[in-house]
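What's in upload38.cif: mmCIF, C-alpha atoms
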data_input
#
loop_
_atom_site.group_PDB
_atom_site.id
_atom_site.type_symbol
_atom_site.label_atom_id
_atom_site.label_comp_id
_atom_site.auth_asym_id
_atom_site.auth_seq_id
_atom_site.Cartn_x
_atom_site.Cartn_y
_atom_site.Cartn_z
ATOM 1 C CA MET A 25 -76.374 158.207 55.729
ATOM 2 C CA ALA A 26 -77.428 156.038 52.804
ATOM 3 C CA VAL A 27 -74.669 154.128 51.017
ATOM 4 C CA ASP A 28 -75.754 152.755 47.648
ATOM 5 C CA ASP A 29 -74.107 152.564 44.232
ATOM 6 C CA ASP A 30 -77.473 153.045 42.487
ATOM 7 C CA PRO A 31 -78.108 156.797 42.023
ATOM 8 C CA ARG A 32 -81.873 156.214 41.719
ATOM 9 C CA ILE A 33 -82.005 154.627 45.177
ATOM 10 C CA ARG A 34 -79.925 157.473 46.639
ATOM 11 C CA GLU A 35 -82.298 159.986 45.078
ATOM 12 C CA VAL A 36 -85.423 158.197 46.354
ATOM 13 C CA LEU A 37 -83.994 158.006 49.875
ATOM 14 C CA GLU A 38 -82.973 161.666 49.848
ATOM 15 C CA MET A 39 -86.478 162.705 48.782
ATOM 16 C CA LEU A 40 -88.202 160.352 51.194
ATOM 17 C CA PHE A 41 -86.301 161.516 54.274
ATOM 18 C CA ALA A 42 -86.350 165.190 53.242
ATOM 19 C CA MET A 43 -90.160 164.954 53.272
ATOM 20 C CA GLU A 44 -89.961 163.591 56.825
ATOM 21 C CA GLY A 45 -87.594 166.344 57.945
ATOM 22 C CA ILE A 46 -84.774 163.860 58.546
ATOM 23 C CA ASP A 47 -81.286 164.976 57.477
ATOM 24 C CA ILE A 48 -79.628 162.432 55.231
ATOM 25 C CA ALA A 49 -76.180 162.229 53.659
ATOM 26 C CA VAL A 50 -75.557 159.919 50.719
ATOM 27 C CA ALA A 51 -72.494 158.046 49.490
ATOM 28 C CA SER A 52 -72.080 156.075 46.285
ATOM 29 C CA GLY A 53 -69.781 153.481 47.837
ATOM 30 C CA GLY A 54 -67.832 152.341 50.869
ATOM 31 C CA GLU A 55 -64.788 154.552 50.305
ATOM 32 C CA GLU A 56 -66.901 157.688 50.055
ATOM 33 C CA ALA A 57 -68.944 156.634 53.109
ATOM 34 C CA ILE A 58 -65.786 156.240 55.195
ATOM 35 C CA LYS A 59 -64.517 159.658 54.071
ATOM 36 C CA ILE A 60 -67.820 161.256 55.086
ATOM 37 C CA LEU A 61 -67.762 159.461 58.441
ATOM 38 C CA GLU A 62 -64.189 160.619 59.091
ATOM 39 C CA ARG A 63 -65.281 164.176 58.365
ATOM 40 C CA GLU A 64 -68.650 164.318 60.109
ATOM 41 C CA GLY A 65 -69.180 160.979 61.847
ATOM 42 C CA ASP A 66 -70.405 162.660 65.031
ATOM 43 C CA ASN A 67 -73.479 163.860 63.147
ATOM 44 C CA ILE A 68 -74.354 160.483 61.662
ATOM 45 C CA ASP A 69 -76.464 158.097 63.744
ATOM 46 C CA LEU A 70 -77.592 155.508 61.249
ATOM 47 C CA LEU A 71 -76.233 153.847 58.124
ATOM 48 C CA LEU A 72 -78.549 152.441 55.451
ATOM 49 C CA LEU A 73 -76.092 150.202 53.697
ATOM 50 C CA ASP A 74 -76.403 148.369 50.385
ATOM 51 C CA ILE A 75 -74.598 145.024 50.157
ATOM 52 C CA MET A 76 -73.897 144.472 46.468
ATOM 53 C CA MET A 77 -71.575 147.322 45.509
ATOM 54 C CA PRO A 78 -68.405 147.291 43.361
ATOM 55 C CA ARG A 79 -64.953 147.391 45.076
ATOM 56 C CA MET A 80 -66.107 147.454 48.748
ATOM 57 C CA ASP A 81 -69.328 145.551 49.306
ATOM 58 C CA GLY A 82 -71.578 146.223 52.286
ATOM 59 C CA TRP A 83 -69.843 143.630 54.472
ATOM 60 C CA ASP A 84 -66.419 145.148 53.693
ATOM 61 C CA VAL A 85 -67.851 148.469 54.870
ATOM 62 C CA VAL A 86 -69.171 146.933 58.114
ATOM 63 C CA LYS A 87 -65.753 145.384 58.744
ATOM 64 C CA ALA A 88 -64.003 148.701 58.073
ATOM 65 C CA LEU A 89 -66.347 150.446 60.511
ATOM 66 C CA LYS A 90 -65.801 147.740 63.123
ATOM 67 C CA ASP A 91 -62.014 148.028 62.758
ATOM 68 C CA ARG A 92 -62.270 151.791 63.320
ATOM 69 C CA GLY A 93 -64.512 151.377 66.389
ATOM 70 C CA TRP A 94 -67.413 153.162 64.686
ATOM 71 C CA THR A 95 -69.823 150.278 65.275
ATOM 72 C CA ASN A 96 -69.919 151.576 68.853
ATOM 73 C CA LYS A 97 -71.194 154.959 67.693
ATOM 74 C CA LEU A 98 -73.815 154.302 65.016
ATOM 75 C CA LEU A 99 -76.450 151.772 64.024
ATOM 76 C CA ILE A 100 -76.203 149.821 60.784
ATOM 77 C CA THR A 101 -79.196 148.669 58.745
ATOM 78 C CA MET A 102 -78.611 146.721 55.566
ATOM 79 C CA LEU A 103 -80.889 147.906 52.752
ATOM 80 C CA THR A 104 -80.426 145.406 49.994
ATOM 81 C CA ALA A 105 -81.919 143.378 47.170
ATOM 82 C CA LYS A 106 -79.946 140.405 48.474
ATOM 83 C CA GLY A 107 -82.387 138.110 50.283
ATOM 84 C CA ASP A 108 -79.651 135.898 51.691
ATOM 85 C CA PRO A 109 -76.958 137.841 53.588
ATOM 86 C CA GLY A 110 -74.306 135.269 52.556
ATOM 87 C CA ASP A 111 -71.348 133.719 54.379
ATOM 88 C CA LYS A 112 -69.489 137.003 54.919
ATOM 89 C CA ALA A 113 -72.301 138.046 57.250
ATOM 90 C CA MET A 114 -71.581 135.365 59.855
ATOM 91 C CA GLU A 115 -68.821 137.082 61.795
ATOM 92 C CA LEU A 116 -70.251 140.582 61.355
ATOM 93 C CA GLU A 117 -73.768 139.761 62.416
ATOM 94 C CA GLU A 118 -73.661 141.399 65.815
ATOM 95 C CA TYR A 119 -72.835 144.762 64.225
ATOM 96 C CA VAL A 120 -75.901 144.859 61.974
ATOM 97 C CA PHE A 121 -79.072 145.919 63.740
ATOM 98 C CA ASP A 122 -81.605 145.487 60.953
ATOM 99 C CA TYR A 123 -81.934 144.103 57.445
ATOM 100 C CA ILE A 124 -84.460 145.516 55.007
ATOM 101 C CA THR A 125 -84.987 143.994 51.597
ATOM 102 C CA LYS A 126 -85.522 145.998 48.392
ATOM 103 C CA PRO A 127 -87.988 146.802 47.024
ATOM 104 C CA PHE A 128 -88.881 148.388 50.347
ATOM 105 C CA ASP A 129 -92.141 149.833 51.625
ATOM 106 C CA PRO A 130 -91.341 153.563 52.094
ATOM 107 C CA ASP A 131 -93.691 153.937 55.089
ATOM 108 C CA GLU A 132 -92.164 150.933 56.832
ATOM 109 C CA LEU A 133 -88.627 152.169 56.129
ATOM 110 C CA VAL A 134 -89.402 155.622 57.525
ATOM 111 C CA ARG A 135 -91.085 154.089 60.581
ATOM 112 C CA ARG A 136 -88.047 151.930 61.350
ATOM 113 C CA VAL A 137 -85.568 154.738 60.722
ATOM 114 C CA LYS A 138 -87.512 156.989 63.109
ATOM 115 C CA ASP A 139 -87.466 154.219 65.747
ATOM 116 C CA PHE A 140 -83.723 153.775 65.378
ATOM 117 C CA LEU A 141 -83.037 157.506 65.480
ATOM 118 C CA GLU A 142 -85.069 157.720 68.702
ATOM 119 C CA ILE A 143 -82.960 154.925 70.175
ATOM 120 C CA MET A 144 -79.804 156.781 69.147
ATOM 121 C CA ASP A 145 -81.073 160.062 70.619
ATOM 122 C CA ALA A 146 -81.893 158.342 73.911
ATOM 123 C CA ALA A 147 -78.450 156.728 73.978
ATOM 124 C CA LYS A 148 -76.646 160.086 73.857
ATOM 125 C CA MET B 13 -92.353 136.735 93.185
ATOM 126 C CA GLN B 14 -89.466 134.498 92.189
ATOM 127 C CA ALA B 15 -89.941 132.997 88.726
ATOM 128 C CA GLU B 16 -90.481 129.266 88.348
ATOM 129 C CA ASN B 17 -90.998 129.463 84.595
ATOM 130 C CA VAL B 18 -88.706 131.221 82.169
ATOM 131 C CA ILE B 19 -89.097 132.315 78.571
ATOM 132 C CA ALA B 20 -85.704 132.605 76.855
ATOM 133 C CA ILE B 21 -85.650 134.662 73.664
ATOM 134 C CA GLY B 22 -82.723 134.922 71.254
ATOM 135 C CA SER B 23 -82.886 137.667 68.679
ATOM 136 C CA SER B 24 -80.594 139.477 66.298
ATOM 137 C CA THR B 25 -80.765 141.430 63.038
ATOM 138 C CA GLY B 26 -84.290 142.833 62.658
ATOM 139 C CA GLY B 27 -85.219 141.655 66.134
ATOM 140 C CA LEU B 28 -86.445 144.927 67.597
ATOM 141 C CA VAL B 29 -89.592 144.921 65.442
ATOM 142 C CA ALA B 30 -90.407 141.328 66.422
ATOM 143 C CA LEU B 31 -89.660 141.903 70.101
ATOM 144 C CA LYS B 32 -91.971 144.924 70.210
ATOM 145 C CA GLU B 33 -94.719 142.920 68.547
ATOM 146 C CA ILE B 34 -94.348 139.974 70.947
ATOM 147 C CA LEU B 35 -93.900 141.888 74.218
ATOM 148 C CA SER B 36 -96.859 144.141 73.464
ATOM 149 C CA GLN B 37 -99.188 141.123 73.552
ATOM 150 C CA PHE B 38 -98.291 139.749 76.987
ATOM 151 C CA PRO B 39 -100.566 140.431 79.979
ATOM 152 C CA GLU B 40 -99.068 142.075 83.063
ATOM 153 C CA ASN B 41 -99.614 138.874 85.082
ATOM 154 C CA LEU B 42 -97.799 136.579 82.645
ATOM 155 C CA GLY B 43 -96.469 134.429 85.471
ATOM 156 C CA ALA B 44 -92.944 133.927 84.134
ATOM 157 C CA ALA B 45 -89.674 135.775 83.698
ATOM 158 C CA ILE B 46 -88.462 136.612 80.214
ATOM 159 C CA ILE B 47 -84.771 136.744 79.362
ATOM 160 C CA ILE B 48 -83.766 138.298 76.053
ATOM 161 C CA VAL B 49 -80.412 138.204 74.312
ATOM 162 C CA GLN B 50 -80.685 140.691 71.448
ATOM 163 C CA HIS B 51 -77.423 141.170 69.555
ATOM 164 C CA MET B 52 -76.783 144.913 69.677
ATOM 165 C CA PRO B 53 -74.020 147.386 70.382
ATOM 166 C CA GLY B 54 -73.658 148.094 74.095
ATOM 167 C CA PHE B 55 -74.212 151.829 73.835
ATOM 168 C CA ILE B 56 -77.887 151.429 72.854
ATOM 169 C CA SER B 57 -78.790 148.790 75.477
ATOM 170 C CA LYS B 58 -80.517 151.230 77.832
ATOM 171 C CA SER B 59 -82.500 152.940 75.108
ATOM 172 C CA VAL B 60 -83.634 149.572 73.716
ATOM 173 C CA VAL B 61 -84.901 148.757 77.231
ATOM 174 C CA ASN B 62 -86.827 152.056 77.242
ATOM 175 C CA THR B 63 -88.221 151.413 73.763
ATOM 176 C CA LEU B 64 -89.475 147.976 74.782
ATOM 177 C CA GLN B 65 -90.888 149.302 78.053
ATOM 178 C CA GLU B 66 -93.094 151.669 76.061
ATOM 179 C CA VAL B 67 -94.931 148.790 74.376
ATOM 180 C CA THR B 68 -95.401 146.266 77.181
ATOM 181 C CA LYS B 69 -97.255 145.953 80.491
ATOM 182 C CA LEU B 70 -94.424 143.829 81.871
ATOM 183 C CA ARG B 71 -91.490 145.432 83.666
ATOM 184 C CA VAL B 72 -88.417 145.697 81.407
ATOM 185 C CA LYS B 73 -84.930 145.896 82.923
ATOM 186 C CA LEU B 74 -81.365 145.905 81.755
ATOM 187 C CA SER B 75 -79.964 142.775 83.428
ATOM 188 C CA LYS B 76 -77.628 143.236 86.355
ATOM 189 C CA GLU B 77 -75.201 140.807 87.930
ATOM 190 C CA GLY B 78 -76.743 138.803 90.782
ATOM 191 C CA GLU B 79 -80.399 139.719 90.150
ATOM 192 C CA ILE B 80 -82.965 137.113 91.175
ATOM 193 C CA LEU B 81 -85.397 136.283 88.368
ATOM 194 C CA GLU B 82 -88.882 137.517 89.121
ATOM 195 C CA ASN B 83 -92.211 136.904 87.420
ATOM 196 C CA ASN B 84 -93.637 139.425 84.960
ATOM 197 C CA THR B 85 -90.229 140.942 84.343
ATOM 198 C CA VAL B 86 -88.246 141.137 81.104
ATOM 199 C CA TYR B 87 -84.466 140.988 81.516
ATOM 200 C CA ILE B 88 -82.438 142.319 78.584
ATOM 201 C CA ALA B 89 -78.813 141.232 78.284
ATOM 202 C CA PRO B 90 -76.546 144.267 77.909
ATOM 203 C CA GLY B 91 -74.939 144.355 74.482
ATOM 204 C CA GLY B 92 -71.191 144.265 74.346
ATOM 205 C CA ASP B 93 -68.674 142.502 76.471
ATOM 206 C CA ARG B 94 -70.185 139.808 78.679
ATOM 207 C CA HIS B 95 -72.313 136.687 78.342
ATOM 208 C CA LEU B 96 -75.511 136.292 80.334
ATOM 209 C CA VAL B 97 -76.149 133.023 82.147
ATOM 210 C CA VAL B 98 -78.595 132.002 84.861
ATOM 211 C CA ASN B 99 -77.206 130.145 87.838
ATOM 212 C CA GLY B 100 -79.005 129.507 91.135
ATOM 213 C CA LYS B 101 -82.045 131.372 89.697
ATOM 214 C CA LYS B 102 -79.847 134.470 89.524
ATOM 215 C CA ILE B 103 -78.512 136.365 86.561
ATOM 216 C CA ARG B 104 -74.773 136.197 86.049
ATOM 217 C CA LEU B 105 -72.921 138.412 83.605
ATOM 218 C CA VAL B 106 -69.740 136.546 82.830
ATOM 219 C CA ASP B 107 -66.575 137.100 80.827
ATOM 220 C CA GLY B 108 -65.765 134.728 78.006
ATOM 221 C CA GLU B 109 -64.783 134.383 74.387
ATOM 222 C CA LYS B 110 -67.369 135.139 71.736
ATOM 223 C CA VAL B 111 -69.572 132.173 70.858
ATOM 224 C CA ASN B 112 -70.892 131.998 67.284
ATOM 225 C CA PHE B 113 -69.096 135.361 66.784
ATOM 226 C CA CYS B 114 -71.413 136.861 69.411
ATOM 227 C CA ARG B 115 -71.227 138.132 72.977
ATOM 228 C CA PRO B 116 -73.629 137.909 74.635
ATOM 229 C CA SER B 117 -74.516 134.662 72.897
ATOM 230 C CA VAL B 118 -77.992 133.165 72.728
ATOM 231 C CA ASP B 119 -76.510 129.662 72.984
ATOM 232 C CA VAL B 120 -74.684 130.450 76.209
ATOM 233 C CA MET B 121 -77.825 131.939 77.773
ATOM 234 C CA MET B 122 -80.123 129.115 76.619
ATOM 235 C CA HIS B 123 -77.790 126.317 77.747
ATOM 236 C CA SER B 124 -77.909 127.755 81.270
ATOM 237 C CA ILE B 125 -81.697 128.168 81.169
ATOM 238 C CA ALA B 126 -82.094 124.557 80.023
ATOM 239 C CA GLU B 127 -79.886 123.408 82.881
ATOM 240 C CA GLU B 128 -81.651 125.523 85.473
ATOM 241 C CA PHE B 129 -85.304 125.384 84.458
ATOM 242 C CA GLY B 130 -85.632 122.127 82.460
ATOM 243 C CA GLU B 131 -89.249 121.520 81.471
ATOM 244 C CA ARG B 132 -90.248 124.936 82.811
ATOM 245 C CA ALA B 133 -88.346 126.719 80.062
ATOM 246 C CA ILE B 134 -89.616 128.007 76.736
ATOM 247 C CA GLY B 135 -86.936 128.856 74.160
ATOM 248 C CA THR B 136 -87.725 131.132 71.238
ATOM 249 C CA ILE B 137 -85.480 132.065 68.325
ATOM 250 C CA LEU B 138 -86.275 135.191 66.358
ATOM 251 C CA THR B 139 -84.899 136.742 63.170
ATOM 252 C CA GLY B 140 -81.145 137.001 62.714
ATOM 253 C CA MET B 141 -78.143 136.026 60.657
ATOM 254 C CA GLY B 142 -75.877 133.124 61.497
ATOM 255 C CA CYS B 143 -76.713 130.237 63.786
ATOM 256 C CA ASP B 144 -76.537 131.524 67.359
ATOM 257 C CA GLY B 145 -79.237 129.861 69.470
ATOM 258 C CA ALA B 146 -79.514 126.580 67.561
ATOM 259 C CA GLY B 147 -77.476 124.693 70.157
ATOM 260 C CA GLY B 148 -79.354 126.380 72.997
ATOM 261 C CA ILE B 149 -82.708 125.424 71.530
ATOM 262 C CA ALA B 150 -81.566 121.807 71.288
ATOM 263 C CA SER B 151 -80.538 121.959 74.977
ATOM 264 C CA ILE B 152 -83.903 123.325 76.072
ATOM 265 C CA LYS B 153 -85.710 120.623 74.103
ATOM 266 C CA ALA B 154 -83.438 117.891 75.490
ATOM 267 C CA ARG B 155 -84.330 118.977 79.044
ATOM 268 C CA GLY B 156 -88.067 118.831 78.367
ATOM 269 C CA GLY B 157 -88.703 122.500 77.567
ATOM 270 C CA VAL B 158 -90.720 123.976 74.720
ATOM 271 C CA THR B 159 -89.082 125.461 71.613
ATOM 272 C CA ILE B 160 -90.373 128.002 69.113
ATOM 273 C CA ALA B 161 -88.868 129.641 66.010
ATOM 274 C CA GLN B 162 -90.026 132.654 64.004
ATOM 275 C CA ASP B 163 -91.110 131.700 60.481
ATOM 276 C CA LYS B 164 -89.411 132.793 57.269
ATOM 277 C CA THR B 165 -92.133 135.182 56.111
ATOM 278 C CA THR B 166 -91.944 137.433 59.147
ATOM 279 C CA SER B 167 -88.170 137.141 59.716
ATOM 280 C CA ALA B 168 -85.991 139.990 58.427
ATOM 281 C CA VAL B 169 -83.269 137.349 58.037
ATOM 282 C CA PHE B 170 -84.091 133.650 58.279
ATOM 283 C CA GLY B 171 -80.637 132.552 59.446
ATOM 284 C CA MET B 172 -80.941 131.925 63.183
ATOM 285 C CA PRO B 173 -84.486 130.512 63.016
ATOM 286 C CA LYS B 174 -83.507 128.176 60.153
ATOM 287 C CA ALA B 175 -80.429 126.944 62.020
ATOM 288 C CA ALA B 176 -82.630 126.212 65.041
ATOM 289 C CA ILE B 177 -85.256 124.455 62.909
ATOM 290 C CA ASP B 178 -82.542 122.397 61.191
ATOM 291 C CA THR B 179 -81.645 120.825 64.548
ATOM 292 C CA GLY B 180 -85.031 119.067 64.393
ATOM 293 C CA LYS B 181 -85.732 120.246 67.948
ATOM 294 C CA VAL B 182 -88.200 123.072 67.331
ATOM 295 C CA ASP B 183 -91.813 122.433 68.369
ATOM 296 C CA SER B 184 -93.486 125.349 66.558
ATOM 297 C CA VAL B 185 -92.453 127.473 63.576
ATOM 298 C CA ILE B 186 -94.817 130.444 63.527
ATOM 299 C CA PRO B 187 -95.094 134.088 62.424
ATOM 300 C CA SER B 188 -93.977 136.726 64.922
ATOM 301 C CA TYR B 189 -97.531 137.935 65.541
ATOM 302 C CA LYS B 190 -98.536 134.471 66.827
ATOM 303 C CA ILE B 191 -95.534 133.875 69.079
ATOM 304 C CA ALA B 192 -96.937 135.616 72.188
ATOM 305 C CA SER B 193 -100.185 133.624 72.142
ATOM 306 C CA GLU B 194 -98.265 130.389 71.564
ATOM 307 C CA ILE B 195 -96.000 131.154 74.524
ATOM 308 C CA ILE B 196 -98.991 131.931 76.769
ATOM 309 C CA GLU B 197 -100.690 128.668 75.777
ATOM 310 C CA ARG B 198 -97.521 126.616 76.347
ATOM 311 C CA LEU B 199 -96.918 128.380 79.659
ATOM 312 C CA ASN B 200 -100.434 127.515 80.877
ATOM 313 C CA HIS B 201 -99.847 123.906 79.891
ATOM 314 C CA GLN B 202 -96.501 123.819 81.746
ATOM 315 C CA ARG B 203 -98.165 125.115 84.905
ATOM 316 C CA LEU B 204 -100.777 122.340 84.803
ATOM 317 C CA THR B 205 -98.215 119.559 84.597
#
Please re-express this file's structure in structure tokens.
Amino acid sequence: MAVDDDPRIREVLEMLFAMEGIDIAVASGGEEAIKILEREGDNIDLLLLDIMMPRMDGWDVVKALKDRGWTNKLLITMLTAKGDPGDKAMELEEYVFDYITKPFDPDELVRRVKDFLEIMDAAK
Amino acid sequence: MQAENVIAIGSSTGGLVALKEILSQFPENLGAAIIIVQHMPGFISKSVVNTLQEVTKLRVKLSKEGEILENNTVYIAPGGDRHLVVNGKKIRLVDGEKVNFCRPSVDVMMHSIAEEFGERAIGTILTGMGCDGAGGIASIKARGGVTIAQDKTTSAVFGMPKAAIDTGKVDSVIPSYKIASEIIERLNHQRLT
């Protein structure tokens, strides 16, 4: 699932992964992402998570997932324009598996996502 | 063959890409054991081991309590609930509070390696947030070991490498694609002395 408040990014990611045959859900913010995870979390292996979002930022989302025990079920990759993760990242570091900076190289993003999905498949 | 030289690697956010790149370049007769603490959720530990095994000629194992360190073997610390230390040339998985918000912690692992292997240790810090590993790197250097940090350009996040570099105890700051050759060169030098 991609969580990003920018509709253009959500659209690009949907198109990119559809071309690769990878199912992707999208959410426009943390609250929506949590609702989707509550509903169909068992089908979601990987979160591509923006950091700078209104209301809940990416780190608030990671913390919410950690508090619900979901960090033991899915992998989190930050996908962000923010080069420096910031102070909030310190205590949540071990829950974030990768960090990709926008603008991203689509081929590289797809390659990494495929790697992570393989790891998740093997872990089941 | 029991390892006399150890390469200790600490890695976090974005580390899988760097680890694959580094491990893929080592020969099968490296002549040292490699211990890796990669921050990750416990449930993917085994599949990360399998992923790394696919790219390297070395043997990759998920670390087990009491294992004796052998040459040409990569020991991955299980993600989750215990720290990894080396004591009496054996791996110990021990309970303990999180260190630098992490468990297993790179610092905890590297302090024990410094203590145990002294000048026959090589400590390497890869991409990651926070500062885990900086203290461990300083320990390895203080005991006569070699220390390496991944550079900013090739790091997904330049937090852990920067914290290590800021201790003033890092010998080489290099891109991920040069780390394997640097380790091999330093290892050869250690064996001659």
Interatomic distance, CA of Thr165 in chain B to CA of Leu28 in chain B (Å, one decimal): 16.1 Å
Residues within 9 Å of range 45-53 of chain B, only C-alpha atoms, excluding chain neighbours under 5 positions, as a PyMOL selection string: (chain A and resi 95-99+117-121) or (chain B and resi 14-25+27-28+75+81-92+96+114-118+121+140)
Surrounding residues of range 100-102 of chain A excluding itself and chain neighbours under 3 positions, 12 Å, all atoms listed in the file, as a VMD selection string: (chain A and resid 25 to 28 68 to 76 81 to 83 85 to 87 89 to 90 94 to 97 105 to 109 113 116 to 126 128 133 136 to 137 140 to 141 144) or (chain B and resid 24 to 27 52 to 53 141 168 to 169)
Nearest-residue call for chain B, choices A:Pro127, A:Ala57, A:Met114, A:Lys148, using only C-alpha atoms: A:Met114
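When CA of Ile177 in chain B is paired with CA of Leu204 in chain B, their separation reads 26.9 Å.
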Separation of CA of Lys181 in chain B from CA of Ala150 in chain B in Å: 5.6 Å
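Contact shell of Leu64 in chain B at 9 Å (only C-alpha atoms; same-chain neighbours under 2 positions omitted): Leu28, Leu31, Lys32, Leu35, Ser36, Ser59, Val60, Val61, Asn62, Glu66, Val67, Thr68 and Val72 of chain B.
Evaluated against the shown file, the PyMOL selection byres ((chain B and resi 100) around 12) gives Gln14, Ala15, Glu16, Gly78, Glu79, Ile80, Leu81, Val97, Val98, Asn99, Lys101, Lys102, Ile103, Arg104, Ser124, Ile125, Glu127, Glu128 and Phe129 of chain B.
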Contact residues around Leu37 in chain A with all atoms listed in the file at 9 Å, ignoring same-chain residues under 6 positions, as a compact mmCIF listing (two decimals) with C-alpha atoms, in the frame of the given file:
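What landed in result_25.txt:
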# COMPACT_ATOMS: atom_id res chain seq x y z
CA ALA A 26 -77.43 156.04 52.80
CA ILE A 48 -79.63 162.43 55.23
CA VAL A 50 -75.56 159.92 50.72
CA PRO A 130 -91.34 153.56 52.09
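Among B:Ser167, B:Thr159, B:Ser151, B:Asn41, the residue with the shortest atom-to-atom distance to chain A, counting all atoms listed in the file, is B:Ser167.
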Surrounding residues of Arg94 in chain B excluding itself and chain neighbours under 3 positions, 6 Å, only C-alpha atoms, as a list in words: Leu105, Val106, Asp107 and Pro116 of chain B
Expansion of the PyMOL selection byres ((chain B and resi 182-191) around 7) into residues, as a count of residues only: 18
File for range 34-48 of chain A (N, CA and C atoms), as a PDB file, in the first residue's frame:
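Output saved as out.pdb:
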ATOM      1  N   ARG A  34       0.353   9.141  -5.862  1.00  0.00           N
ATOM      2  CA  ARG A  34      -0.464   7.919  -5.732  1.00  0.00           C
ATOM      3  C   ARG A  34      -0.786   7.352  -7.119  1.00  0.00           C
ATOM      4  N   GLU A  35      -1.100   8.274  -8.039  1.00  0.00           N
ATOM      5  CA  GLU A  35      -1.447   7.834  -9.394  1.00  0.00           C
ATOM      6  C   GLU A  35      -0.248   7.185 -10.092  1.00  0.00           C
ATOM      7  N   VAL A  36       0.916   7.819  -9.968  1.00  0.00           N
ATOM      8  CA  VAL A  36       2.136   7.275 -10.596  1.00  0.00           C
ATOM      9  C   VAL A  36       2.425   5.883 -10.046  1.00  0.00           C
ATOM     10  N   LEU A  37       2.318   5.742  -8.722  1.00  0.00           N
ATOM     11  CA  LEU A  37       2.633   4.442  -8.106  1.00  0.00           C
ATOM     12  C   LEU A  37       1.619   3.383  -8.528  1.00  0.00           C
ATOM     13  N   GLU A  38       0.358   3.764  -8.602  1.00  0.00           N
ATOM     14  CA  GLU A  38      -0.665   2.804  -9.044  1.00  0.00           C
ATOM     15  C   GLU A  38      -0.373   2.311 -10.457  1.00  0.00           C
ATOM     16  N   MET A  39      -0.025   3.263 -11.346  1.00  0.00           N
ATOM     17  CA  MET A  39       0.267   2.886 -12.735  1.00  0.00           C
ATOM     18  C   MET A  39       1.518   2.017 -12.824  1.00  0.00           C
ATOM     19  N   LEU A  40       2.541   2.446 -12.101  1.00  0.00           N
ATOM     20  CA  LEU A  40       3.828   1.748 -12.139  1.00  0.00           C
ATOM     21  C   LEU A  40       3.685   0.290 -11.709  1.00  0.00           C
ATOM     22  N   PHE A  41       2.995   0.068 -10.583  1.00  0.00           N
ATOM     23  CA  PHE A  41       2.902  -1.306 -10.073  1.00  0.00           C
ATOM     24  C   PHE A  41       1.857  -2.127 -10.838  1.00  0.00           C
ATOM     25  N   ALA A  42       0.847  -1.458 -11.383  1.00  0.00           N
ATOM     26  CA  ALA A  42      -0.119  -2.182 -12.235  1.00  0.00           C
ATOM     27  C   ALA A  42       0.616  -2.760 -13.443  1.00  0.00           C
ATOM     28  N   MET A  43       1.527  -1.988 -14.016  1.00  0.00           N
ATOM     29  CA  MET A  43       2.302  -2.470 -15.172  1.00  0.00           C
ATOM     30  C   MET A  43       3.131  -3.692 -14.816  1.00  0.00           C
ATOM     31  N   GLU A  44       3.552  -3.767 -13.559  1.00  0.00           N
ATOM     32  CA  GLU A  44       4.393  -4.889 -13.099  1.00  0.00           C
ATOM     33  C   GLU A  44       3.552  -6.059 -12.598  1.00  0.00           C
ATOM     34  N   GLY A  45       2.244  -5.891 -12.608  1.00  0.00           N
ATOM     35  CA  GLY A  45       1.361  -6.956 -12.114  1.00  0.00           C
ATOM     36  C   GLY A  45       1.356  -7.070 -10.605  1.00  0.00           C
ATOM     37  N   ILE A  46       1.712  -5.995  -9.924  1.00  0.00           N
ATOM     38  CA  ILE A  46       1.735  -6.005  -8.448  1.00  0.00           C
ATOM     39  C   ILE A  46       0.508  -5.247  -7.946  1.00  0.00           C
ATOM     40  N   ASP A  47      -0.301  -5.915  -7.119  1.00  0.00           N
ATOM     41  CA  ASP A  47      -1.497  -5.267  -6.560  1.00  0.00           C
ATOM     42  C   ASP A  47      -1.079  -4.175  -5.587  1.00  0.00           C
ATOM     43  N   ILE A  48      -1.701  -3.006  -5.723  1.00  0.00           N
ATOM     44  CA  ILE A  48      -1.363  -1.922  -4.809  1.00  0.00           C
ATOM     45  C   ILE A  48      -2.637  -1.200  -4.355  1.00  0.00           C
TER      46      ILE A  48
END
